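Trainee: My structure is below; once you've seen it, I'll send some questions.
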Amino acid sequence: MISKLLSFIFLPLFTLLIVWGLGWLWFATNIALAQPTQDNTKTDAIIVLTGGNGRINEGINLLKNKKAPKLFISGVNKDVTKEDIFKSWKQPTSPRPCCLFLGYDSIDTVSNATEVEDWVNKNNIKSFRLVTSSYHMPRASMEIKNLLSSDIDIIENAVFTDDFESWKGRFWQLTFSEYNKTIIRWMQTIT
């Protein structure tokens with residue numbers, strides 16, 4: 001009787017653990033094998049979510065290369081100005097591109113999505129490039145797509161950092177964290 005009860009409890013838990021582990025492996029593999037976007041489509045805007053190395057520089061470079069006429073950066077520290085953004089750009093001697101907008105209201109990915117939704121709606125944006133780190137893209141994209149109209153085109157423009165190789169511990173820590181956050185947010189949105 002006790003062994004049946006134990007197997008009734010532990011078998012589903014063990015199965016759930018196996019499914020979760022395989023899911024994490026699938027998630028990490030997709031991140032490790034992801035490639036930079038080669039899409040040259042011009043969009044209405046470029047939207048950068050702050051928080052990782054290279055994101056803002058990538059956004060400014062896309063703007064400079066005329067992939068879109070506007071750049072919106074979500075999650076900017078309240079003390080940071082447009083001047084500060086351009087000073088940190090890796091090509092500060094290049095002519096500064098036009099039309100940079102800063103969002104100061106978000107503090108995490110969920111509030112990034114709300115800030116992006118507000119800016120997209122106020123500016124009548126119908127297409128944009130979403131710029132964030134490769135490991136952050138699945139969750140960020142999910143959060144934003146859950147809020148926006150399905151007729152808005154989003155090109156995912158992931159940023160790949162130099163110190164994010166799959167054989168390093170940092171890769172596994174970040175993919176573990178992002179996978180769990182993505183699963184939790186996905187479960188919250190479907191309930």
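Naming scheme: A, B, ... for chains in displayed order of the structure tokens; residues 1 onward per chain; ligands 1 onward as shown.
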Would you pick out the contacts of A:Val116 at 9 Å or less, using only C-alpha atoms, so that residues sharing its chain but fewer than 5 positions from it are not included, and give the list as a list in words?
Mentor: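 Skipping anything fewer than 5 positions along the chain leaves Ile47, Phe72, Ile73, Ser74, Gly103, Ser111, Asn121, Ile144 and Leu148 of chain A.
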Trainee: Give me, as a CSV table (one decimal) with C-alpha atoms, in the first residue's frame, all polymer residues having an atom no more than 8 Å from stretch 123-137 of chain A, counting only C-alpha atoms and skipping those fewer than 6 positions away in the same chain.
Mentor:
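Saved to out10.csv:
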```csv
chain,number,residue,atom,x,y,z
A,31,ILE,CA,20.3,29.9,-27.3
A,34,ALA,CA,21.1,31.1,-32.4
A,43,THR,CA,10.9,48.8,-39.8
A,44,ASP,CA,9.1,51.8,-38.3
A,45,ALA,CA,11.3,51.7,-35.2
A,46,ILE,CA,14.1,49.9,-33.3
A,47,ILE,CA,13.3,49.1,-29.6
A,48,VAL,CA,16.1,48.2,-27.2
A,49,LEU,CA,15.6,46.7,-23.8
A,50,THR,CA,18.4,47.8,-21.4
A,52,GLY,CA,22.9,43.6,-21.1
A,53,ASN,CA,26.2,44.3,-22.8
A,55,ARG,CA,22.3,46.2,-26.6
A,58,GLU,CA,23.5,47.6,-31.4
A,59,GLY,CA,20.4,49.7,-31.4
A,68,ALA,CA,14.5,52.3,-39.0
A,151,ASP,CA,-0.7,42.8,-36.7
A,152,ILE,CA,2.5,44.5,-35.5
A,153,ASP,CA,5.6,42.9,-37.1
A,154,ILE,CA,8.5,42.2,-34.8
A,155,ILE,CA,11.9,41.3,-36.0
A,156,GLU,CA,14.0,39.7,-33.2
A,157,ASN,CA,17.5,41.2,-33.3
A,158,ALA,CA,19.4,39.3,-30.6
A,159,VAL,CA,22.7,40.6,-29.3
A,160,PHE,CA,25.4,38.0,-28.7
A,161,THR,CA,28.1,38.9,-26.1
A,174,LEU,CA,21.8,32.7,-17.3
A,175,THR,CA,19.9,30.1,-19.4
A,178,GLU,CA,15.9,32.7,-18.1
```
Trainee: If you run DSSP on the backbone here, which positions in stretch 5-160 of chain A get alpha helix (DSSP H)? Please write them as an NGL selection string.
Mentor: :A and (5-33 or 55-64 or 82-88 or 109-122 or 137-147)
Trainee: Which of these residues is nearest to A:Gly51, using only C-alpha atoms: A:Gly75, A:Pro12, A:Gly169, A:Pro138?
Mentor: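 So, comparing all the options, the nearest one is A:Gly75.
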Trainee: Mind checking DSSP for stretch 26-189 of chain A and telling me the strand (DSSP E) residues as an MDAnalysis selection string?
Mentor: chainID A and resid 45:49 71:74 100:103 127:133 153:159
Trainee: Can you pull out the residues contacting A:Met142? Cut-off 10 Å, using only C-alpha atoms, and skip same-chain residues under 2 positions away; I want them as a list in words.
Mentor: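 So the residues in contact are Val110, Ala113, Met137, Pro138, Arg139, Ala140, Ile144, Lys145, Asn146, Leu147, Thr182, Arg185, Trp186 and Thr189 of chain A.
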Trainee: Go ahead and write the residues just picked, all heavy atoms, as an mmCIF file, in the first residue's frame.
Mentor:
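Wrote result_33.cif, looks like this:
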```
data_model
loop_
_atom_site.group_PDB
_atom_site.id
_atom_site.type_symbol
_atom_site.label_atom_id
_atom_site.label_comp_id
_atom_site.auth_asym_id
_atom_site.auth_seq_id
_atom_site.Cartn_x
_atom_site.Cartn_y
_atom_site.Cartn_z
ATOM 1 N N VAL A 110 8.745 42.653 -17.491
ATOM 2 C CA VAL A 110 7.294 42.852 -17.528
ATOM 3 C C VAL A 110 6.975 44.328 -17.738
ATOM 4 O O VAL A 110 6.149 44.685 -18.593
ATOM 5 C CB VAL A 110 6.625 42.324 -16.232
ATOM 6 C CG1 VAL A 110 5.146 42.655 -16.216
ATOM 7 C CG2 VAL A 110 6.845 40.826 -16.098
ATOM 8 N N ALA A 113 7.742 45.535 -21.265
ATOM 9 C CA ALA A 113 6.672 45.236 -22.216
ATOM 10 C C ALA A 113 5.576 46.293 -22.166
ATOM 11 O O ALA A 113 5.086 46.739 -23.214
ATOM 12 C CB ALA A 113 6.097 43.846 -21.947
ATOM 13 N N MET A 137 15.850 37.094 -25.202
ATOM 14 C CA MET A 137 14.893 37.287 -26.287
ATOM 15 C C MET A 137 13.619 36.459 -26.153
ATOM 16 O O MET A 137 12.525 37.002 -26.362
ATOM 17 C CB MET A 137 15.568 37.024 -27.639
ATOM 18 C CG MET A 137 14.681 37.349 -28.828
ATOM 19 S SD MET A 137 14.209 39.102 -28.939
ATOM 20 C CE MET A 137 15.732 39.806 -29.572
ATOM 21 N N PRO A 138 13.678 35.159 -25.819
ATOM 22 C CA PRO A 138 12.422 34.402 -25.748
ATOM 23 C C PRO A 138 11.405 34.996 -24.777
ATOM 24 O O PRO A 138 10.226 35.149 -25.112
ATOM 25 C CB PRO A 138 12.866 33.003 -25.299
ATOM 26 C CG PRO A 138 14.282 32.894 -25.760
ATOM 27 C CD PRO A 138 14.848 34.287 -25.614
ATOM 28 N N ARG A 139 11.859 35.362 -23.589
ATOM 29 C CA ARG A 139 10.927 35.905 -22.588
ATOM 30 C C ARG A 139 10.488 37.317 -22.941
ATOM 31 O O ARG A 139 9.306 37.659 -22.849
ATOM 32 C CB ARG A 139 11.574 35.881 -21.199
ATOM 33 C CG ARG A 139 10.649 36.345 -20.089
ATOM 34 C CD ARG A 139 11.190 35.968 -18.727
ATOM 35 N NE ARG A 139 12.497 36.489 -18.456
ATOM 36 C CZ ARG A 139 12.732 37.585 -17.725
ATOM 37 N NH1 ARG A 139 11.735 38.256 -17.186
ATOM 38 N NH2 ARG A 139 13.967 37.972 -17.506
ATOM 39 N N ALA A 140 11.433 38.151 -23.384
ATOM 40 C CA ALA A 140 11.102 39.528 -23.741
ATOM 41 C C ALA A 140 10.102 39.559 -24.894
ATOM 42 O O ALA A 140 9.109 40.296 -24.856
ATOM 43 C CB ALA A 140 12.369 40.297 -24.112
ATOM 44 N N ILE A 144 6.186 41.020 -24.743
ATOM 45 C CA ILE A 144 5.755 42.107 -25.629
ATOM 46 C C ILE A 144 4.635 41.639 -26.553
ATOM 47 O O ILE A 144 3.630 42.339 -26.727
ATOM 48 C CB ILE A 144 6.956 42.670 -26.405
ATOM 49 C CG1 ILE A 144 7.881 43.416 -25.418
ATOM 50 C CG2 ILE A 144 6.521 43.573 -27.546
ATOM 51 C CD1 ILE A 144 9.231 43.793 -25.967
ATOM 52 N N LYS A 145 4.766 40.457 -27.118
ATOM 53 C CA LYS A 145 3.728 39.939 -28.020
ATOM 54 C C LYS A 145 2.404 39.720 -27.293
ATOM 55 O O LYS A 145 1.338 39.834 -27.898
ATOM 56 C CB LYS A 145 4.194 38.643 -28.677
ATOM 57 C CG LYS A 145 5.246 38.878 -29.746
ATOM 58 C CD LYS A 145 5.763 37.580 -30.327
ATOM 59 C CE LYS A 145 6.824 37.833 -31.373
ATOM 60 N NZ LYS A 145 7.415 36.593 -31.888
ATOM 61 N N ASN A 146 2.461 39.407 -26.007
ATOM 62 C CA ASN A 146 1.229 39.237 -25.236
ATOM 63 C C ASN A 146 0.448 40.537 -25.092
ATOM 64 O O ASN A 146 -0.765 40.503 -24.876
ATOM 65 C CB ASN A 146 1.531 38.667 -23.846
ATOM 66 C CG ASN A 146 1.789 37.176 -23.880
ATOM 67 O OD1 ASN A 146 1.380 36.477 -24.790
ATOM 68 N ND2 ASN A 146 2.480 36.683 -22.868
ATOM 69 N N LEU A 147 1.123 41.678 -25.198
ATOM 70 C CA LEU A 147 0.457 42.965 -25.020
ATOM 71 C C LEU A 147 0.091 43.656 -26.329
ATOM 72 O O LEU A 147 -0.862 44.423 -26.374
ATOM 73 C CB LEU A 147 1.347 43.908 -24.195
ATOM 74 C CG LEU A 147 1.601 43.513 -22.753
ATOM 75 C CD1 LEU A 147 2.504 44.535 -22.074
ATOM 76 C CD2 LEU A 147 0.299 43.367 -21.976
ATOM 77 N N THR A 182 10.919 32.318 -17.898
ATOM 78 C CA THR A 182 10.052 32.191 -19.068
ATOM 79 C C THR A 182 8.913 31.213 -18.789
ATOM 80 O O THR A 182 7.753 31.495 -19.112
ATOM 81 C CB THR A 182 10.869 31.728 -20.301
ATOM 82 O OG1 THR A 182 11.911 32.677 -20.540
ATOM 83 C CG2 THR A 182 9.999 31.609 -21.537
ATOM 84 N N ARG A 185 6.427 32.908 -16.338
ATOM 85 C CA ARG A 185 5.625 33.948 -17.001
ATOM 86 C C ARG A 185 4.642 33.338 -18.000
ATOM 87 O O ARG A 185 3.519 33.772 -18.134
ATOM 88 C CB ARG A 185 6.517 34.986 -17.684
ATOM 89 C CG ARG A 185 7.187 35.910 -16.724
ATOM 90 C CD ARG A 185 6.222 36.728 -15.905
ATOM 91 N NE ARG A 185 5.442 37.612 -16.774
ATOM 92 C CZ ARG A 185 4.216 38.042 -16.505
ATOM 93 N NH1 ARG A 185 3.602 37.683 -15.385
ATOM 94 N NH2 ARG A 185 3.583 38.832 -17.337
ATOM 95 N N TRP A 186 5.074 32.301 -18.713
ATOM 96 C CA TRP A 186 4.177 31.635 -19.646
ATOM 97 C C TRP A 186 2.996 31.039 -18.910
ATOM 98 O O TRP A 186 1.844 31.177 -19.333
ATOM 99 C CB TRP A 186 4.952 30.553 -20.401
ATOM 100 C CG TRP A 186 4.076 29.763 -21.330
ATOM 101 C CD1 TRP A 186 3.561 30.159 -22.537
ATOM 102 C CD2 TRP A 186 3.595 28.442 -21.098
ATOM 103 N NE1 TRP A 186 2.794 29.163 -23.081
ATOM 104 C CE2 TRP A 186 2.796 28.076 -22.205
ATOM 105 C CE3 TRP A 186 3.768 27.515 -20.065
ATOM 106 C CZ2 TRP A 186 2.176 26.849 -22.313
ATOM 107 C CZ3 TRP A 186 3.142 26.285 -20.186
ATOM 108 C CH2 TRP A 186 2.356 25.963 -21.294
ATOM 109 N N THR A 189 0.571 33.733 -17.873
ATOM 110 C CA THR A 189 -0.207 34.343 -18.957
ATOM 111 C C THR A 189 -1.300 33.413 -19.491
ATOM 112 O O THR A 189 -2.263 33.887 -20.066
ATOM 113 C CB THR A 189 0.689 34.788 -20.128
ATOM 114 O OG1 THR A 189 1.399 33.670 -20.644
ATOM 115 C CG2 THR A 189 1.642 35.873 -19.700
#
```
Trainee: Looking at only C-alpha atoms, which of A:Ala32, A:Leu22, A:Ile107, A:Val76 is the one that sits closest to A:Trp172?
Mentor: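 Residue with the minimum atom-to-atom distance to A:Trp172: A:Ala32.
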Trainee: Using only C-alpha atoms, which residue out of A:Ser88, A:Ser7, A:Ser177, A:Thr41 lies closest to A:Asn57?
Mentor: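 Of the candidates, the smallest distance to A:Asn57 is held by A:Ser88.
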Trainee: Using only C-alpha atoms, which of A:Gln173, A:Gln188, A:Thr81, A:Asn30 sits nearest A:Tyr104?
Mentor: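 Nearest to A:Tyr104: A:Thr81.
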Trainee: How many Å separate atom CA of A:Lys67 from atom CA of A:Asp39?
Mentor: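 Atom CA of A:Asp39 lies at a distance of 9.8 Å from atom CA of A:Lys67.
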Trainee: For a quick check of understanding, using only C-alpha atoms, which of A:Ser149, A:Ser141, A:Leu33, A:Trp89 has the smallest distance to A:Gly54?
Mentor: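 Answer, going by the shortest atom-to-atom distance: A:Trp89.
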Trainee: For a test of reading the model, state the distance in Å between atom CA of A:Phe176 and atom CA of A:Leu25, rounded to one decimal.
Mentor: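 Taking atom CA of A:Phe176 and atom CA of A:Leu25, their separation equals 9.2 Å.
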